[in-house]
Structure formats: C-alpha cells, structure tokens
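Take a look at the structure below.
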Amino acid sequence: MAKFDKIAVLGKIGSTGMVPVFYHRDAEIAKHVLKACYEGGVRAFEFTNRGDFAHEVFADIVQYAARECPEMAVGAGSIVDAATAALYIQCGADFVVGPLFNPEVARICNRRLIPYIPGCGTVTEVGYAQEAGCDVCKIFPGDVLGTGLVKGLLAPMLWSKLMVTGGVEPTSENITSWMKAGVFCVGMGSKLFPKDKIAEKDWVYITQACREVLSFITRSKVSS
C-alpha cells in the first residue's frame, strides 16, 4: 500500500520540481542511489520497470526507503498496462509513471487515489489523460518534442501540469529552458546517473548533482 496519499505525492513533486528516474537489477545499488538522491534533497524517486524481477527490487527499495528515507515517495516507471500497475501498487508504489497513456492504468490508479503520470506526445493525448483524472502528464520524449510543445500547449490549457522526461540534462541552461517553458517538474535519468559513476559507486557525486539541479530549478522559479 502507498505510504503517501495523492496530495502529498503531488506536493513533493511540485515543491522540488524534480523526479530522478533510475533502474538497476541490483537492489543494493538501487538503495544507494535512492539514498544519495534523498540526501541531495530529492523527495520523489521513480524506479523503472525495465528488467526481469524488477518488481522484486522495487519492493525491496520501498521497504528500505520507509526506514532510511522517510519522506521519499517512491514511484514505479515504464508502466504500460493495468496488470503491471496493480502489481507495483501492491508492492507499495506511491505513484505510477508510463511512457504512454493507457486509460486502464488510470482506472486502476484512480481506484486507489494514486497519481498516474502518463507519457503524452500531443495536446490531444494530454487532454484525454486529464479527462481520465491524470493531474500531471509526462511530455515524452522531451528532447524530441522540445520546449515549443510545452509553451504551445500551456497557451490554451493553462491549468496543465507537465513533467518533461527524456534527454533532460543536469545543466543550468537545459533546466532553465524547461522551467521557463512552464513545466511542473523535470524527470531525469541517464544524464543524472552516468554509468561510470554508478560503476565506481560514487554516491557523493549523485548527491551533489541532485543538489545542483535543485538549485537550478529554484533559481529558475525565482527569476520567472
């Protein structure tokens, strides 16, 4: 069962403006990464359903987060069907994220009042997702669609809360461009977790990178 309710989760995502996106088959490495993000100020973390038995690793880090990172909302990513969403919800997912919009997933999440953040690539898809109760929609892939889609969508649909994921870079220029376009938050994966740093178990690097990204977000909000 989710540790945090829908309002709390959306508050954590909105207040920090950042959701790290990570997968590793080794639960111990995933725990270290989650802890490093937490120490860097992150309060919502997405673990993706990318490999065999990923849900077992997820269940392990959810229990770890409850002990070691008590304010961290842990979500399940790369969810494309209702059955998988239900599996991860049973494992304790605080929110569910997908690369596409599936109304059946929305129905499962709504029944438990769990945020569902679907991937959308058009204004129409965002509209359909909002009709299905999705408070936040993921603009994906962000590096392909660009800031122009965000700006264009928000012009007639000011109420929209958008999370951009895919190609987001941990640089002041990139983060600022997305925040200025009007996104609710950014989702960041491989650019935040370089393979060599994970291999070296350089958790301090990840903590510092998270702090830096959060500072870029804060400065962007202040100057806007």
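Each chain of the structure tokens is named A, B, ... in the order shown, its residues numbered from 1; ligands are numbered from 1 in display order.
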Just list the residues in segment 7-222 of chain A DSSP gives strand (DSSP E or B) on the backbone, as a VMD selection string.
chain A and resid 18 to 22 44 to 48 73 to 77 95 to 97 116 to 117 119 to 120 136 to 139 161 to 165 185 to 188
With only C-alpha atoms as the counted atoms, please give the residues lying no more than 7 Å from Val136 of chain A, apart from itself and same-chain residues fewer than 6 positions off, as a list in words.
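After dropping sequence-adjacent residues, the list is Ile117, Lys161, Leu162 and Met163 of chain A.
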Atom CA of Cys69 of chain A and atom CA of Thr171 of chain A are how many Å apart?
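Here the two named atoms are 26.0 Å from each other.
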Using only C-alpha atoms, what does the table of segment 4-110 of chain A residues within 12 Å of segment 191-203 of chain A look like, with each row giving the shortest atom pair and its distance in Å to one decimal, sorted by chain and ascending number, as JSON lines?
```
{"residue": "A:Met18", "atom": "CA", "partner": "A:Leu192", "partner_atom": "CA", "distance": 11.2}
{"residue": "A:Val19", "atom": "CA", "partner": "A:Leu192", "partner_atom": "CA", "distance": 10.6}
{"residue": "A:Pro20", "atom": "CA", "partner": "A:Leu192", "partner_atom": "CA", "distance": 7.6}
{"residue": "A:Val21", "atom": "CA", "partner": "A:Leu192", "partner_atom": "CA", "distance": 8.6}
{"residue": "A:Phe22", "atom": "CA", "partner": "A:Phe193", "partner_atom": "CA", "distance": 7.9}
{"residue": "A:Tyr23", "atom": "CA", "partner": "A:Phe193", "partner_atom": "CA", "distance": 10.1}
{"residue": "A:His24", "atom": "CA", "partner": "A:Ile198", "partner_atom": "CA", "distance": 9.8}
{"residue": "A:Asp26", "atom": "CA", "partner": "A:Ile198", "partner_atom": "CA", "distance": 11.4}
{"residue": "A:Glu28", "atom": "CA", "partner": "A:Lys201", "partner_atom": "CA", "distance": 10.8}
{"residue": "A:Ile29", "atom": "CA", "partner": "A:Lys201", "partner_atom": "CA", "distance": 8.0}
{"residue": "A:Ala30", "atom": "CA", "partner": "A:Ile198", "partner_atom": "CA", "distance": 9.7}
{"residue": "A:Lys31", "atom": "CA", "partner": "A:Trp203", "partner_atom": "CA", "distance": 10.6}
{"residue": "A:His32", "atom": "CA", "partner": "A:Trp203", "partner_atom": "CA", "distance": 6.9}
{"residue": "A:Val33", "atom": "CA", "partner": "A:Trp203", "partner_atom": "CA", "distance": 6.6}
{"residue": "A:Leu34", "atom": "CA", "partner": "A:Trp203", "partner_atom": "CA", "distance": 9.5}
{"residue": "A:Lys35", "atom": "CA", "partner": "A:Trp203", "partner_atom": "CA", "distance": 8.5}
{"residue": "A:Ala36", "atom": "CA", "partner": "A:Trp203", "partner_atom": "CA", "distance": 5.7}
{"residue": "A:Cys37", "atom": "CA", "partner": "A:Trp203", "partner_atom": "CA", "distance": 8.7}
{"residue": "A:Tyr38", "atom": "CA", "partner": "A:Trp203", "partner_atom": "CA", "distance": 11.1}
{"residue": "A:Glu39", "atom": "CA", "partner": "A:Trp203", "partner_atom": "CA", "distance": 10.0}
{"residue": "A:Gly40", "atom": "CA", "partner": "A:Trp203", "partner_atom": "CA", "distance": 10.2}
```
Spatial neighbours of segment 46-48 of chain A, 10 Å, only C-alpha atoms, chain gap at least 3 places, as an mmCIF file with N, CA, C and O atoms, in the first residue's frame:
```
data_model
loop_
_atom_site.group_PDB
_atom_site.id
_atom_site.type_symbol
_atom_site.label_atom_id
_atom_site.label_comp_id
_atom_site.auth_asym_id
_atom_site.auth_seq_id
_atom_site.Cartn_x
_atom_site.Cartn_y
_atom_site.Cartn_z
ATOM 1 N N VAL A 19 12.171 14.704 -10.512
ATOM 2 C CA VAL A 19 11.964 13.282 -10.216
ATOM 3 C C VAL A 19 13.083 12.487 -10.892
ATOM 4 O O VAL A 19 13.088 12.343 -12.121
ATOM 5 N N PRO A 20 14.053 11.985 -10.133
ATOM 6 C CA PRO A 20 15.077 11.127 -10.727
ATOM 7 C C PRO A 20 14.445 9.833 -11.237
ATOM 8 O O PRO A 20 13.510 9.304 -10.620
ATOM 9 N N VAL A 21 14.961 9.330 -12.347
ATOM 10 C CA VAL A 21 14.448 8.105 -12.964
ATOM 11 C C VAL A 21 15.595 7.108 -13.045
ATOM 12 O O VAL A 21 16.608 7.376 -13.696
ATOM 13 N N PHE A 22 15.426 5.955 -12.395
ATOM 14 C CA PHE A 22 16.568 5.029 -12.292
ATOM 15 C C PHE A 22 16.116 3.575 -12.325
ATOM 16 O O PHE A 22 15.018 3.235 -11.871
ATOM 17 N N TYR A 23 16.984 2.727 -12.861
ATOM 18 C CA TYR A 23 16.786 1.274 -12.790
ATOM 19 C C TYR A 23 18.139 0.593 -12.615
ATOM 20 O O TYR A 23 19.133 0.977 -13.240
ATOM 21 N N HIS A 24 18.158 -0.403 -11.775
ATOM 22 C CA HIS A 24 19.317 -1.307 -11.685
ATOM 23 C C HIS A 24 18.817 -2.627 -11.132
ATOM 24 O O HIS A 24 17.957 -2.661 -10.254
ATOM 25 N N ALA A 30 20.599 0.103 -6.142
ATOM 26 C CA ALA A 30 19.410 0.961 -6.214
ATOM 27 C C ALA A 30 19.173 1.675 -4.896
ATOM 28 O O ALA A 30 18.803 2.860 -4.873
ATOM 29 N N LEU A 34 19.104 5.707 -4.385
ATOM 30 C CA LEU A 34 17.942 6.356 -3.769
ATOM 31 C C LEU A 34 18.362 7.200 -2.566
ATOM 32 O O LEU A 34 17.928 8.338 -2.405
ATOM 33 N N GLY A 51 13.592 -4.489 -16.142
ATOM 34 C CA GLY A 51 14.251 -5.785 -16.245
ATOM 35 C C GLY A 51 13.475 -6.895 -15.567
ATOM 36 O O GLY A 51 12.466 -6.657 -14.891
ATOM 37 N N ALA A 54 12.037 -6.908 -11.796
ATOM 38 C CA ALA A 54 12.211 -5.523 -11.363
ATOM 39 C C ALA A 54 11.285 -5.192 -10.195
ATOM 40 O O ALA A 54 11.630 -4.394 -9.323
ATOM 41 N N HIS A 55 10.112 -5.828 -10.183
ATOM 42 C CA HIS A 55 9.170 -5.541 -9.097
ATOM 43 C C HIS A 55 9.693 -6.018 -7.742
ATOM 44 O O HIS A 55 9.355 -5.446 -6.703
ATOM 45 N N VAL A 57 12.923 -5.974 -6.876
ATOM 46 C CA VAL A 57 13.871 -4.931 -6.480
ATOM 47 C C VAL A 57 13.106 -3.714 -5.959
ATOM 48 O O VAL A 57 13.463 -3.119 -4.941
ATOM 49 N N PHE A 58 12.027 -3.386 -6.649
ATOM 50 C CA PHE A 58 11.199 -2.247 -6.250
ATOM 51 C C PHE A 58 10.654 -2.431 -4.839
ATOM 52 O O PHE A 58 10.724 -1.520 -4.000
ATOM 53 N N ILE A 61 13.374 -1.752 -2.301
ATOM 54 C CA ILE A 61 13.770 -0.357 -2.063
ATOM 55 C C ILE A 61 12.638 0.452 -1.409
ATOM 56 O O ILE A 61 12.908 1.416 -0.700
ATOM 57 N N VAL A 62 11.395 0.052 -1.636
ATOM 58 C CA VAL A 62 10.280 0.718 -0.952
ATOM 59 C C VAL A 62 10.403 0.511 0.560
ATOM 60 O O VAL A 62 10.236 1.452 1.358
ATOM 61 N N ALA A 73 8.869 9.689 -1.572
ATOM 62 C CA ALA A 73 7.802 8.986 -2.282
ATOM 63 C C ALA A 73 8.468 8.180 -3.397
ATOM 64 O O ALA A 73 9.204 8.741 -4.207
ATOM 65 N N VAL A 74 8.209 6.890 -3.427
ATOM 66 C CA VAL A 74 8.829 6.016 -4.424
ATOM 67 C C VAL A 74 7.776 5.573 -5.425
ATOM 68 O O VAL A 74 6.761 4.974 -5.056
ATOM 69 N N GLY A 75 8.027 5.861 -6.696
ATOM 70 C CA GLY A 75 7.076 5.519 -7.748
ATOM 71 C C GLY A 75 7.623 4.490 -8.705
ATOM 72 O O GLY A 75 8.830 4.246 -8.770
ATOM 73 N N ALA A 76 6.716 3.874 -9.460
ATOM 74 C CA ALA A 76 7.084 2.868 -10.459
ATOM 75 C C ALA A 76 6.964 3.476 -11.851
ATOM 76 O O ALA A 76 5.937 4.080 -12.177
ATOM 77 N N GLY A 77 8.009 3.318 -12.659
ATOM 78 C CA GLY A 77 8.001 3.883 -14.003
ATOM 79 C C GLY A 77 7.991 2.834 -15.093
ATOM 80 O O GLY A 77 8.118 1.638 -14.834
ATOM 81 N N SER A 78 7.812 3.277 -16.336
ATOM 82 C CA SER A 78 7.748 2.403 -17.515
ATOM 83 C C SER A 78 6.584 1.424 -17.423
ATOM 84 O O SER A 78 6.668 0.278 -17.873
ATOM 85 N N ILE A 79 5.467 1.876 -16.856
ATOM 86 C CA ILE A 79 4.278 1.036 -16.712
ATOM 87 C C ILE A 79 3.351 1.280 -17.904
ATOM 88 O O ILE A 79 2.940 2.416 -18.146
ATOM 89 N N ALA A 93 3.890 1.193 -4.460
ATOM 90 C CA ALA A 93 4.140 2.381 -5.287
ATOM 91 C C ALA A 93 3.319 3.578 -4.812
ATOM 92 O O ALA A 93 2.109 3.479 -4.619
ATOM 93 N N ASP A 94 3.988 4.708 -4.639
ATOM 94 C CA ASP A 94 3.307 5.948 -4.263
ATOM 95 C C ASP A 94 2.749 6.666 -5.488
ATOM 96 O O ASP A 94 1.852 7.497 -5.363
ATOM 97 N N PHE A 95 3.318 6.388 -6.651
ATOM 98 C CA PHE A 95 2.818 6.944 -7.908
ATOM 99 C C PHE A 95 3.250 6.037 -9.049
ATOM 100 O O PHE A 95 4.139 5.192 -8.884
ATOM 101 N N VAL A 96 2.579 6.180 -10.182
ATOM 102 C CA VAL A 96 2.840 5.337 -11.347
ATOM 103 C C VAL A 96 3.100 6.231 -12.555
ATOM 104 O O VAL A 96 2.364 7.186 -12.801
ATOM 105 N N VAL A 97 4.156 5.899 -13.306
ATOM 106 C CA VAL A 97 4.538 6.685 -14.479
ATOM 107 C C VAL A 97 4.629 5.758 -15.688
ATOM 108 O O VAL A 97 5.044 4.601 -15.562
ATOM 109 N N GLY A 98 4.242 6.239 -16.849
ATOM 110 C CA GLY A 98 4.331 5.422 -18.057
ATOM 111 C C GLY A 98 4.859 6.208 -19.242
ATOM 112 O O GLY A 98 4.789 7.440 -19.256
ATOM 113 N N GLY A 187 11.830 15.146 -15.192
ATOM 114 C CA GLY A 187 12.238 13.789 -14.862
ATOM 115 C C GLY A 187 13.606 13.570 -15.495
ATOM 116 O O GLY A 187 13.808 13.918 -16.654
ATOM 117 N N MET A 188 14.528 13.028 -14.733
ATOM 118 C CA MET A 188 15.893 12.938 -15.242
ATOM 119 C C MET A 188 16.499 11.572 -14.952
ATOM 120 O O MET A 188 16.502 11.119 -13.805
ATOM 121 N N GLY A 189 17.000 10.906 -15.997
ATOM 122 C CA GLY A 189 17.548 9.575 -15.845
ATOM 123 C C GLY A 189 19.035 9.479 -16.085
ATOM 124 O O GLY A 189 19.843 9.846 -15.242
#
```
Go through A:Ile114, A:Ala209, A:Ala44, A:Val164 and flag the residue nearest Phe184 of chain A, using only C-alpha atoms for the distances.
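Closest residue, counting only C-alpha atoms: A:Val164.
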Selected residue of minimal separation from Cys109 of chain A among A:Met1, A:Phe53, A:Pro141, A:Asn174, counting only C-alpha atoms
A:Met1
Nearest to Ala106 of chain A: which of A:Ala86, A:Ser177, A:Arg211, A:Gly167 is it, counting only C-alpha atoms?
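Closest to Ala106 of chain A of all the choices is A:Ala86.
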Quote the spacing between atom CA of Thr122 of chain A and atom CA of Gly152 of chain A in Å to one decimal place.
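Interatomic distance, atom CA of Thr122 of chain A to atom CA of Gly152 of chain A: 10.5 Å.
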